[in-house]
file model-v9.cif (mmCIF, C-alpha atoms)
data_structure
#
loop_
_atom_site.group_PDB
_atom_site.id
_atom_site.type_symbol
_atom_site.label_atom_id
_atom_site.label_comp_id
_atom_site.auth_asym_id
_atom_site.auth_seq_id
_atom_site.Cartn_x
_atom_site.Cartn_y
_atom_site.Cartn_z
ATOM 1 C CA ASN A 854 -62.075 24.973 190.618
ATOM 2 C CA GLU A 855 -64.470 24.582 187.686
ATOM 3 C CA LEU A 856 -65.129 20.887 188.380
ATOM 4 C CA SER A 857 -68.442 20.036 190.027
ATOM 5 C CA MET A 858 -68.407 19.252 193.746
ATOM 6 C CA ASN A 859 -71.841 17.590 193.717
ATOM 7 C CA THR A 860 -71.206 13.848 194.059
ATOM 8 C CA ASN A 861 -74.853 13.015 194.783
ATOM 9 C CA LYS A 862 -76.137 13.575 191.262
ATOM 10 C CA ALA A 863 -75.472 11.319 188.286
ATOM 11 C CA PHE A 864 -72.944 13.069 186.087
ATOM 12 C CA ARG A 865 -73.820 13.131 182.383
ATOM 13 C CA CYS A 866 -70.997 11.537 180.380
ATOM 14 C CA LEU A 867 -70.897 11.096 176.598
ATOM 15 C CA GLY A 868 -68.601 8.707 174.735
ATOM 16 C CA VAL A 869 -68.498 9.943 171.142
ATOM 17 C CA GLY A 870 -66.982 7.861 168.363
ATOM 18 C CA GLU A 871 -66.643 4.261 167.296
ATOM 19 C CA VAL A 872 -68.827 1.410 168.539
ATOM 20 C CA LEU A 873 -67.961 -1.962 167.072
ATOM 21 C CA TRP A 874 -67.284 -5.631 167.587
ATOM 22 C CA ASP A 875 -63.796 -6.671 168.634
ATOM 23 C CA LEU A 876 -63.253 -10.018 166.903
ATOM 24 C CA LEU A 877 -61.084 -11.744 169.520
ATOM 25 C CA PRO A 878 -59.641 -15.264 169.295
ATOM 26 C CA ALA A 879 -62.247 -16.432 171.830
ATOM 27 C CA GLY A 880 -65.147 -14.749 170.003
ATOM 28 C CA LYS A 881 -66.566 -11.278 169.440
ATOM 29 C CA GLN A 882 -66.842 -8.681 172.190
ATOM 30 C CA LEU A 883 -68.467 -5.257 172.275
ATOM 31 C CA GLY A 884 -65.815 -2.595 171.729
ATOM 32 C CA GLY A 885 -64.782 0.853 170.590
ATOM 33 C CA ALA A 886 -62.984 3.116 173.070
ATOM 34 C CA PRO A 887 -65.708 5.801 173.419
ATOM 35 C CA ALA A 888 -68.403 3.140 173.781
ATOM 36 C CA ASN A 889 -66.328 1.281 176.375
ATOM 37 C CA PHE A 890 -65.860 4.562 178.239
ATOM 38 C CA ALA A 891 -69.608 5.155 178.343
ATOM 39 C CA CYS A 892 -70.324 1.590 179.488
ATOM 40 C CA HIS A 893 -67.854 1.866 182.356
ATOM 41 C CA ALA A 894 -69.044 5.356 183.291
ATOM 42 C CA HIS A 895 -72.597 3.994 183.448
ATOM 43 C CA ALA A 896 -71.445 1.141 185.699
ATOM 44 C CA LEU A 897 -69.863 3.756 187.983
ATOM 45 C CA GLY A 898 -73.161 5.597 188.354
ATOM 46 C CA ALA A 899 -73.044 8.153 185.544
ATOM 47 C CA ASP A 900 -75.858 9.067 183.199
ATOM 48 C CA ALA A 901 -73.860 7.841 180.210
ATOM 49 C CA LEU A 902 -74.516 7.824 176.481
ATOM 50 C CA VAL A 903 -72.777 6.216 173.514
ATOM 51 C CA VAL A 904 -72.929 8.565 170.514
ATOM 52 C CA SER A 905 -72.163 6.509 167.426
ATOM 53 C CA ARG A 906 -73.609 4.746 164.366
ATOM 54 C CA VAL A 907 -74.215 1.098 163.455
ATOM 55 C CA GLY A 908 -75.204 -0.666 160.258
ATOM 56 C CA ASN A 909 -78.662 -1.887 159.342
ATOM 57 C CA ASP A 910 -77.556 -5.465 159.971
ATOM 58 C CA ALA A 911 -77.556 -8.238 162.553
ATOM 59 C CA LEU A 912 -74.301 -7.043 164.129
ATOM 60 C CA GLY A 913 -75.751 -3.573 164.575
ATOM 61 C CA GLN A 914 -78.934 -4.885 166.165
ATOM 62 C CA GLU A 915 -76.826 -7.009 168.497
ATOM 63 C CA ILE A 916 -74.835 -3.955 169.601
ATOM 64 C CA LEU A 917 -78.029 -2.064 170.402
ATOM 65 C CA ALA A 918 -79.399 -5.050 172.314
ATOM 66 C CA ARG A 919 -76.136 -5.477 174.235
ATOM 67 C CA LEU A 920 -76.058 -1.823 175.270
ATOM 68 C CA ARG A 921 -79.683 -1.965 176.384
ATOM 69 C CA GLY A 922 -78.820 -5.074 178.368
ATOM 70 C CA LEU A 923 -76.110 -3.086 180.118
ATOM 71 C CA GLY A 924 -78.708 -0.456 180.999
ATOM 72 C CA LEU A 925 -77.715 2.222 178.497
ATOM 73 C CA ARG A 926 -80.003 4.204 176.218
ATOM 74 C CA THR A 927 -79.497 3.670 172.492
ATOM 75 C CA ASP A 928 -81.393 6.615 171.026
ATOM 76 C CA SER A 929 -78.025 8.355 170.628
ATOM 77 C CA ILE A 930 -76.901 5.708 168.106
ATOM 78 C CA THR A 931 -78.091 6.141 164.532
ATOM 79 C CA VAL A 932 -78.479 3.378 161.943
ATOM 80 C CA ASP A 933 -76.743 3.622 158.572
ATOM 81 C CA PRO A 934 -78.830 2.283 155.682
ATOM 82 C CA ALA A 935 -75.839 1.091 153.656
ATOM 83 C CA ALA A 936 -72.521 0.872 155.539
ATOM 84 C CA PRO A 937 -71.946 -2.187 157.756
ATOM 85 C CA THR A 938 -71.471 -2.188 161.509
ATOM 86 C CA GLY A 939 -67.824 -1.697 162.448
ATOM 87 C CA THR A 940 -65.570 -4.622 163.259
ATOM 88 C CA VAL A 941 -61.963 -4.909 164.413
ATOM 89 C CA SER A 942 -59.896 -8.068 164.164
ATOM 90 C CA VAL A 943 -57.869 -8.465 167.370
ATOM 91 C CA ALA A 944 -54.789 -10.647 167.783
ATOM 92 C CA LEU A 945 -53.282 -11.130 171.257
ATOM 93 C CA ASP A 946 -49.618 -11.679 172.080
ATOM 94 C CA PRO A 947 -48.569 -14.073 174.908
ATOM 95 C CA HIS A 948 -48.978 -11.223 177.426
ATOM 96 C CA GLY A 949 -52.526 -10.407 176.325
ATOM 97 C CA LYS A 950 -51.521 -7.196 174.532
ATOM 98 C CA PRO A 951 -53.755 -6.659 171.483
ATOM 99 C CA THR A 952 -52.915 -5.838 167.869
ATOM 100 C CA PHE A 953 -55.834 -4.360 165.923
ATOM 101 C CA THR A 954 -56.910 -4.559 162.276
ATOM 102 C CA ILE A 955 -59.549 -1.846 161.983
ATOM 103 C CA HIS A 956 -61.873 -2.300 159.021
ATOM 104 C CA GLU A 957 -62.827 0.751 156.964
ATOM 105 C CA LYS A 958 -65.960 2.101 155.238
ATOM 106 C CA VAL A 959 -68.162 1.238 158.207
ATOM 107 C CA ALA A 960 -71.153 2.896 159.850
ATOM 108 C CA TRP A 961 -69.330 4.848 162.574
ATOM 109 C CA ASP A 962 -67.402 6.756 159.904
ATOM 110 C CA SER A 963 -70.699 8.620 159.325
ATOM 111 C CA ILE A 964 -71.621 9.597 162.895
ATOM 112 C CA GLU A 965 -74.288 12.301 162.933
ATOM 113 C CA ALA A 966 -74.741 15.227 165.318
ATOM 114 C CA GLY A 967 -78.520 15.586 165.210
ATOM 115 C CA ARG A 968 -80.447 18.116 167.265
ATOM 116 C CA ASP A 969 -81.266 15.677 170.087
ATOM 117 C CA ILE A 970 -77.622 14.675 170.457
ATOM 118 C CA MET A 971 -76.501 18.302 170.349
ATOM 119 C CA ASP A 972 -78.942 18.968 173.195
ATOM 120 C CA GLU A 973 -77.406 16.118 175.198
ATOM 121 C CA ALA A 974 -73.904 17.468 174.584
ATOM 122 C CA SER A 975 -74.970 20.945 175.674
ATOM 123 C CA GLN A 976 -75.785 19.499 179.111
ATOM 124 C CA ALA A 977 -72.789 17.169 179.418
ATOM 125 C CA ASP A 978 -70.496 17.096 182.433
ATOM 126 C CA ALA A 979 -67.917 15.133 180.440
ATOM 127 C CA ILE A 980 -67.438 14.116 176.830
ATOM 128 C CA CYS A 981 -64.801 11.604 175.752
ATOM 129 C CA PHE A 982 -63.481 11.426 172.187
ATOM 130 C CA GLY A 983 -60.447 10.091 170.334
ATOM 131 C CA THR A 984 -58.546 10.345 167.081
ATOM 132 C CA LEU A 985 -59.702 7.102 165.431
ATOM 133 C CA ALA A 986 -63.330 8.149 164.885
ATOM 134 C CA GLN A 987 -62.085 11.357 163.247
ATOM 135 C CA ARG A 988 -60.518 9.453 160.348
ATOM 136 C CA HIS A 989 -63.495 10.306 158.094
ATOM 137 C CA PRO A 990 -64.457 13.963 157.468
ATOM 138 C CA ARG A 991 -68.143 13.388 158.224
ATOM 139 C CA ALA A 992 -67.591 11.838 161.636
ATOM 140 C CA ARG A 993 -64.844 14.347 162.411
ATOM 141 C CA ALA A 994 -67.214 17.250 161.753
ATOM 142 C CA ALA A 995 -69.935 15.707 163.936
ATOM 143 C CA ILE A 996 -67.574 15.058 166.845
ATOM 144 C CA ARG A 997 -66.246 18.604 166.745
ATOM 145 C CA ALA A 998 -69.748 20.071 166.540
ATOM 146 C CA LEU A 999 -70.650 18.196 169.728
ATOM 147 C CA LEU A 1000 -67.490 19.370 171.481
ATOM 148 C CA GLN A 1001 -68.277 22.968 170.576
ATOM 149 C CA VAL A 1002 -71.653 22.947 172.364
ATOM 150 C CA THR A 1003 -70.472 21.387 175.632
ATOM 151 C CA PRO A 1004 -70.619 23.729 178.650
ATOM 152 C CA PRO A 1005 -67.417 25.659 179.462
ATOM 153 C CA THR A 1006 -67.134 23.699 182.732
ATOM 154 C CA ALA A 1007 -67.428 20.277 181.042
ATOM 155 C CA LEU A 1008 -64.506 17.880 180.837
ATOM 156 C CA ARG A 1009 -63.521 17.413 177.190
ATOM 157 C CA ILE A 1010 -61.440 14.265 177.492
ATOM 158 C CA LEU A 1011 -59.178 13.238 174.633
ATOM 159 C CA ASP A 1012 -58.290 9.549 174.803
ATOM 160 C CA LEU A 1013 -55.587 9.821 172.172
ATOM 161 C CA ASN A 1014 -55.898 6.177 171.087
ATOM 162 C CA LEU A 1015 -53.504 6.366 168.112
ATOM 163 C CA ARG A 1016 -54.203 3.586 165.621
ATOM 164 C CA PRO A 1017 -51.913 3.598 162.557
ATOM 165 C CA PRO A 1018 -52.481 4.683 159.847
ATOM 166 C CA PHE A 1019 -55.473 6.725 161.080
ATOM 167 C CA TRP A 1020 -53.695 9.731 162.550
ATOM 168 C CA SER A 1021 -51.537 12.670 161.543
ATOM 169 C CA GLN A 1022 -49.688 15.446 163.356
ATOM 170 C CA GLU A 1023 -52.426 17.877 162.314
ATOM 171 C CA LEU A 1024 -55.177 15.643 163.718
ATOM 172 C CA ILE A 1025 -53.324 15.179 167.011
ATOM 173 C CA LEU A 1026 -52.717 18.929 167.356
ATOM 174 C CA GLU A 1027 -56.323 19.854 166.586
ATOM 175 C CA SER A 1028 -57.625 17.212 169.003
ATOM 176 C CA LEU A 1029 -55.322 18.342 171.806
ATOM 177 C CA GLU A 1030 -56.515 21.908 171.291
ATOM 178 C CA LEU A 1031 -60.160 20.801 171.574
ATOM 179 C CA ALA A 1032 -59.576 18.976 174.883
ATOM 180 C CA ASN A 1033 -59.038 20.075 178.459
ATOM 181 C CA VAL A 1034 -58.064 16.597 179.722
ATOM 182 C CA VAL A 1035 -55.906 14.062 177.904
ATOM 183 C CA LYS A 1036 -55.248 10.374 178.516
ATOM 184 C CA LEU A 1037 -52.458 8.671 176.613
ATOM 185 C CA ASN A 1038 -50.179 5.678 176.979
ATOM 186 C CA ASP A 1039 -46.396 5.624 177.069
ATOM 187 C CA ASP A 1040 -46.053 4.811 173.361
ATOM 188 C CA GLU A 1041 -48.334 7.739 172.525
ATOM 189 C CA LEU A 1042 -46.382 10.072 174.800
ATOM 190 C CA SER A 1043 -43.259 9.226 172.791
ATOM 191 C CA VAL A 1044 -45.076 10.190 169.574
ATOM 192 C CA VAL A 1045 -46.434 13.427 171.057
ATOM 193 C CA ALA A 1046 -43.069 14.362 172.572
ATOM 194 C CA LYS A 1047 -41.365 13.937 169.214
ATOM 195 C CA LEU A 1048 -44.058 15.842 167.300
ATOM 196 C CA PHE A 1049 -44.197 18.806 169.674
ATOM 197 C CA GLY A 1050 -40.652 18.964 171.023
ATOM 198 C CA LEU A 1051 -41.368 17.913 174.620
ATOM 199 C CA ALA A 1052 -37.991 17.519 176.323
ATOM 200 C CA GLY A 1053 -36.637 15.905 179.472
ATOM 201 C CA ASP A 1054 -37.910 12.924 181.413
ATOM 202 C CA GLU A 1055 -41.456 11.585 181.500
ATOM 203 C CA SER A 1056 -42.701 13.862 184.276
ATOM 204 C CA SER A 1057 -41.178 16.890 182.564
ATOM 205 C CA GLN A 1058 -42.893 15.960 179.297
ATOM 206 C CA LEU A 1059 -46.256 15.618 181.052
ATOM 207 C CA ARG A 1060 -45.853 19.040 182.659
ATOM 208 C CA GLN A 1061 -44.882 20.624 179.339
ATOM 209 C CA LEU A 1062 -47.876 19.011 177.642
ATOM 210 C CA ALA A 1063 -50.230 20.270 180.362
ATOM 211 C CA ALA A 1064 -48.796 23.785 180.189
ATOM 212 C CA ARG A 1065 -48.863 24.035 176.396
ATOM 213 C CA PHE A 1066 -52.511 23.033 176.072
ATOM 214 C CA GLU A 1067 -53.738 24.309 179.466
ATOM 215 C CA PHE A 1068 -55.039 20.890 180.520
ATOM 216 C CA LYS A 1069 -56.924 20.377 183.755
ATOM 217 C CA ALA A 1070 -55.394 16.886 183.928
ATOM 218 C CA VAL A 1071 -52.986 14.623 182.030
ATOM 219 C CA ALA A 1072 -53.130 10.856 182.593
ATOM 220 C CA LEU A 1073 -50.387 8.514 181.386
ATOM 221 C CA THR A 1074 -50.916 4.747 181.404
ATOM 222 C CA LYS A 1075 -47.837 2.539 181.217
ATOM 223 C CA GLY A 1076 -49.062 -1.053 181.163
ATOM 224 C CA ALA A 1077 -47.306 -3.213 183.749
ATOM 225 C CA LYS A 1078 -45.364 -0.140 184.950
ATOM 226 C CA GLY A 1079 -48.517 1.529 186.264
ATOM 227 C CA SER A 1080 -49.691 5.067 185.543
ATOM 228 C CA SER A 1081 -49.178 8.739 186.323
ATOM 229 C CA LEU A 1082 -51.705 11.528 186.790
ATOM 230 C CA LEU A 1083 -50.968 15.257 186.705
ATOM 231 C CA VAL A 1084 -53.709 17.477 188.152
ATOM 232 C CA GLY A 1085 -53.208 21.116 189.036
ATOM 233 C CA GLY A 1086 -49.456 20.760 189.170
ATOM 234 C CA GLN A 1087 -49.587 17.666 191.417
ATOM 235 C CA LEU A 1088 -48.095 14.532 189.853
ATOM 236 C CA VAL A 1089 -49.074 11.150 191.303
ATOM 237 C CA ASN A 1090 -47.376 7.910 190.245
ATOM 238 C CA ARG A 1091 -48.907 4.484 190.855
ATOM 239 C CA PRO A 1092 -46.920 1.286 190.153
ATOM 240 C CA GLY A 1093 -48.483 -1.635 188.344
ATOM 241 C CA SER A 1094 -49.540 -4.918 189.936
ATOM 242 C CA LYS A 1095 -48.558 -8.472 189.092
ATOM 243 C CA MET A 1096 -51.401 -10.784 188.134
ATOM 244 C CA LYS A 1097 -52.674 -13.145 185.480
ATOM 245 C CA ILE A 1098 -53.901 -11.204 182.430
ATOM 246 C CA VAL A 1099 -56.678 -12.538 180.217
ATOM 247 C CA ASP A 1100 -56.560 -9.580 177.852
ATOM 248 C CA THR A 1101 -56.001 -5.844 178.214
ATOM 249 C CA VAL A 1102 -58.750 -4.807 175.779
ATOM 250 C CA GLY A 1103 -60.821 -2.026 177.339
ATOM 251 C CA ALA A 1104 -58.685 -1.607 180.456
ATOM 252 C CA GLY A 1105 -57.576 1.864 179.413
ATOM 253 C CA ASP A 1106 -61.188 2.847 178.714
ATOM 254 C CA SER A 1107 -62.269 1.805 182.198
ATOM 255 C CA TYR A 1108 -59.365 3.866 183.552
ATOM 256 C CA THR A 1109 -60.635 6.877 181.586
ATOM 257 C CA ALA A 1110 -64.149 6.450 183.001
ATOM 258 C CA ALA A 1111 -62.864 6.351 186.584
ATOM 259 C CA LEU A 1112 -60.624 9.330 185.796
ATOM 260 C CA ALA A 1113 -63.574 11.342 184.484
ATOM 261 C CA LEU A 1114 -65.834 10.661 187.457
ATOM 262 C CA GLY A 1115 -63.008 11.208 189.929
ATOM 263 C CA LEU A 1116 -62.264 14.605 188.400
ATOM 264 C CA LEU A 1117 -65.943 15.537 188.346
ATOM 265 C CA ALA A 1118 -66.254 14.599 192.009
ATOM 266 C CA ALA A 1119 -63.114 16.656 192.771
ATOM 267 C CA TYR A 1120 -61.359 13.697 194.400
ATOM 268 C CA GLU A 1121 -57.688 13.929 195.312
ATOM 269 C CA PRO A 1122 -55.376 12.786 192.475
ATOM 270 C CA GLY A 1123 -54.083 9.841 194.494
ATOM 271 C CA ARG A 1124 -57.609 8.558 195.060
ATOM 272 C CA ILE A 1125 -58.494 8.969 191.384
ATOM 273 C CA VAL A 1126 -55.469 6.948 190.300
ATOM 274 C CA GLU A 1127 -56.139 4.202 192.824
ATOM 275 C CA ASP A 1128 -59.780 3.855 191.798
ATOM 276 C CA ALA A 1129 -58.866 3.891 188.104
ATOM 277 C CA HIS A 1130 -56.280 1.158 188.593
ATOM 278 C CA ARG A 1131 -58.559 -1.099 190.579
ATOM 279 C CA LEU A 1132 -61.243 -0.928 187.914
ATOM 280 C CA ALA A 1133 -58.759 -1.451 185.066
ATOM 281 C CA GLU A 1134 -57.132 -4.323 186.923
ATOM 282 C CA HIS A 1135 -60.450 -6.155 187.079
ATOM 283 C CA VAL A 1136 -61.055 -5.604 183.358
ATOM 284 C CA CYS A 1137 -57.679 -7.172 182.559
ATOM 285 C CA THR A 1138 -58.600 -10.403 184.326
ATOM 286 C CA GLN A 1139 -61.745 -10.828 182.199
ATOM 287 C CA PRO A 1140 -62.308 -11.378 178.468
ATOM 288 C CA GLY A 1141 -63.476 -8.364 176.482
ATOM 289 C CA ALA A 1142 -63.656 -4.652 177.169
ATOM 290 C CA THR A 1143 -66.771 -4.343 179.352
ATOM 291 C CA PRO A 1144 -66.992 -7.340 181.711
ATOM 292 C CA PRO A 1145 -69.492 -7.293 184.574
ATOM 293 C CA LEU A 1146 -68.223 -5.927 187.874
ATOM 294 C CA PRO A 1147 -67.980 -8.444 190.742
ATOM 295 C CA PRO A 1148 -70.109 -7.915 193.872
ATOM 296 C CA HIS A 1149 -67.399 -6.167 195.890
ATOM 297 C CA LEU A 1150 -66.870 -3.653 193.082
ATOM 298 C CA LEU A 1151 -70.611 -3.244 192.559
ATOM 299 C CA ASP A 1152 -71.065 -2.442 196.250
ATOM 300 C CA ALA A 1153 -68.285 0.115 196.016
ATOM 301 C CA VAL A 1154 -69.795 1.648 192.872
ATOM 302 C CA LYS A 1155 -72.918 2.568 194.847
ATOM 303 C CA ARG A 1156 -70.743 4.334 197.399
ATOM 304 C CA VAL A 1157 -68.767 6.083 194.650
ATOM 305 C CA ARG A 1158 -72.002 7.421 193.197
ATOM 306 C CA SER A 1159 -72.998 8.929 196.528
ATOM 307 C CA GLY A 1160 -69.494 10.239 197.089
ATOM 308 C CA GLN A 1161 -68.837 8.182 200.220
ATOM 309 C CA THR A 1162 -65.791 6.114 199.335
ATOM 310 C CA SER A 1163 -63.556 4.894 196.530
ATOM 311 C CA ILE A 1164 -63.642 1.566 194.721
ATOM 312 C CA SER A 1165 -62.528 -1.322 196.918
ATOM 313 C CA PRO A 1166 -59.474 -3.385 195.844
ATOM 314 C CA ALA A 1167 -59.714 -5.992 193.108
ATOM 315 C CA ALA A 1168 -57.151 -8.324 191.618
ATOM 316 C CA GLY A 1169 -56.171 -7.572 188.030
ATOM 317 C CA CYS A 1170 -53.678 -5.899 185.774
ATOM 318 C CA SER A 1171 -52.636 -2.364 185.043
ATOM 319 C CA PRO A 1172 -54.084 -0.476 182.091
#

call {"tool": "encode", "arguments": {"input": "model-v9.cif", "output": "structure tokens"}}
result
Amino acid sequence: NELSMNTNKAFRCLGVGEVLWDLLPAGKQLGGAPANFACHAHALGADALVVSRVGNDALGQEILARLRGLGLRTDSITVDPAAPTGTVSVALDPHGKPTFTIHEKVAWDSIEAGRDIMDEASQADAICFGTLAQRHPRARAAIRALLQVTPPTALRILDLNLRPPFWSQELILESLELANVVKLNDDELSVVAKLFGLAGDESSQLRQLAARFEFKAVALTKGAKGSSLLVGGQLVNRPGSKMKIVDTVGAGDSYTAALALGLLAAYEPGRIVEDAHRLAEHVCTQPGATPPLPPHLLDAVKRVRSGQTSISPAAGCSP
């Protein structure tokens, strides 16, 4: 087992890619899947970094201030002298499911892999990346340079995060080949199955995907239907829960953070799934992608960091 067994240290987790403002009907919220991942990993006790780029503008300064307020370092985020800070217009359907309009020619399209950030990546326990931030050649090259210097034992987690029109079969294939863990949703599994000829039912497709790319773990989120996790040949299914959803923005990213730390701590797959759901369920009951954790979750986070117990139950929705 290449995953670390030391649950008493703070694992170093990098979220590499877009950081932006989600422009929701109720107002703007900090967003970007890799940034959300890092924020949640930090809340769970990790030494987490957001590796991204913002504009030299008020929105960029506000992102840096917000991250500092959450307790994260910001020296891993560069400032673009010309391109604006990224924004995404978000519309919600009656069930809280978002539709995104992702604006182009923004700062995170020019993410840089400077020497300091390369040094951080070379010591990472986990690095999370997606396809969206690879839409521009400059950012794509930086992300891949960082992946290349991670230790052989590190988790290289691909949160597929397909956002039309910013993906292609080639990009998906290359990203899958760079990863050793993948998280995708049921819509994305349908795309991947069609592109790569994965046959049979859902569990069969997950096993074929894991075998083809030699993944340590494959996580499938299915909204109200729950999720599935395949680790070392063991497949665990967890049904969804019924509750009042505010919005589902960021729920999948919180799931990925709990997945990463659970794998690093070598928890049993069933425990990882349960912890991931409970965190994501809380996020769904709150506006925005990175809401504060309530006291009962905060107390449990301290125990998770020391490897004593899993996250205690919370009401919410499924990722």

call {"tool": "atom_distance", "arguments": {"input": "model-v9.cif", "atom1": "atom CA of A:Val932", "atom2": "atom CA of A:Ala977"}}
result
23.0 Å

call {"tool": "closest_residue", "arguments": {"input": "model-v9.cif", "among": "A:Pro1092, A:Arg1065, A:Ala1104, A:Ala886", "to": "A:Val1126", "atoms": "only C-alpha atoms"}}
result
A:Pro1092

call {"tool": "atom_distance", "arguments": {"input": "model-v9.cif", "atom1": "atom CA of A:Gly939", "atom2": "atom CA of A:Gly868"}}
result
16.1 Å

call {"tool": "resolve_selection", "arguments": {"input": "model-v9.cif", "expression": "the PyMOL selection byres ((chain A and resi 998-1001) around 7)", "output": "ChimeraX atom specification"}}
result
/A:966,971,974,994-997,1002-1003

call {"tool": "residues_around", "arguments": {"input": "model-v9.cif", "residues": "A:His895", "least_positions_apart": "2", "cutoff": "12 Å", "atoms": "all atoms listed in the file", "output": "PyMOL selection string"}}
result
chain A and resi 863-868+888-893+897-903+920-921+923-926+1107+1110-1111+1113-1114+1143+1145-1146+1151+1154-1155+1158

call {"tool": "resolve_selection", "arguments": {"input": "model-v9.cif", "expression": "the PyMOL selection byres ((chain A and resi 1018) around 12)", "output": "JSON, numbers by chain"}}
result
{"A": [953, 954, 955, 956, 957, 984, 985, 988, 1014, 1015, 1016, 1017, 1019, 1020, 1021, 1022, 1024]}

call {"tool": "closest_residue", "arguments": {"input": "model-v9.cif", "among": "A:Ala960, A:Val1045, A:Ala935, A:Leu1037", "to": "A:Leu873", "atoms": "all atoms listed in the file"}}
result
A:Ala960

call {"tool": "atom_distance", "arguments": {"input": "model-v9.cif", "atom1": "atom CA of A:Leu1042", "atom2": "atom CA of A:His989"}}
result
23.9 Å

call {"tool": "axis_aligned_box", "arguments": {"input": "model-v9.cif", "around": "stretch 1011-1018 of chain A", "padding_each_side": "6 Å", "output": "AutoDock Vina command-line options"}}
result
--center_x -55.5 --center_y 8.4 --center_z 167.3 --size_x 19.3 --size_y 21.7 --size_z 27.0

call {"tool": "residues_near_point", "arguments": {"input": "model-v9.cif", "point": "(-74.5, -10.4, 172.7)", "cutoff": "12 Å", "atoms": "all atoms listed in the file", "output": "PyMOL selection string"}}
result
chain A and resi 874+880-884+911-923+1141+1143
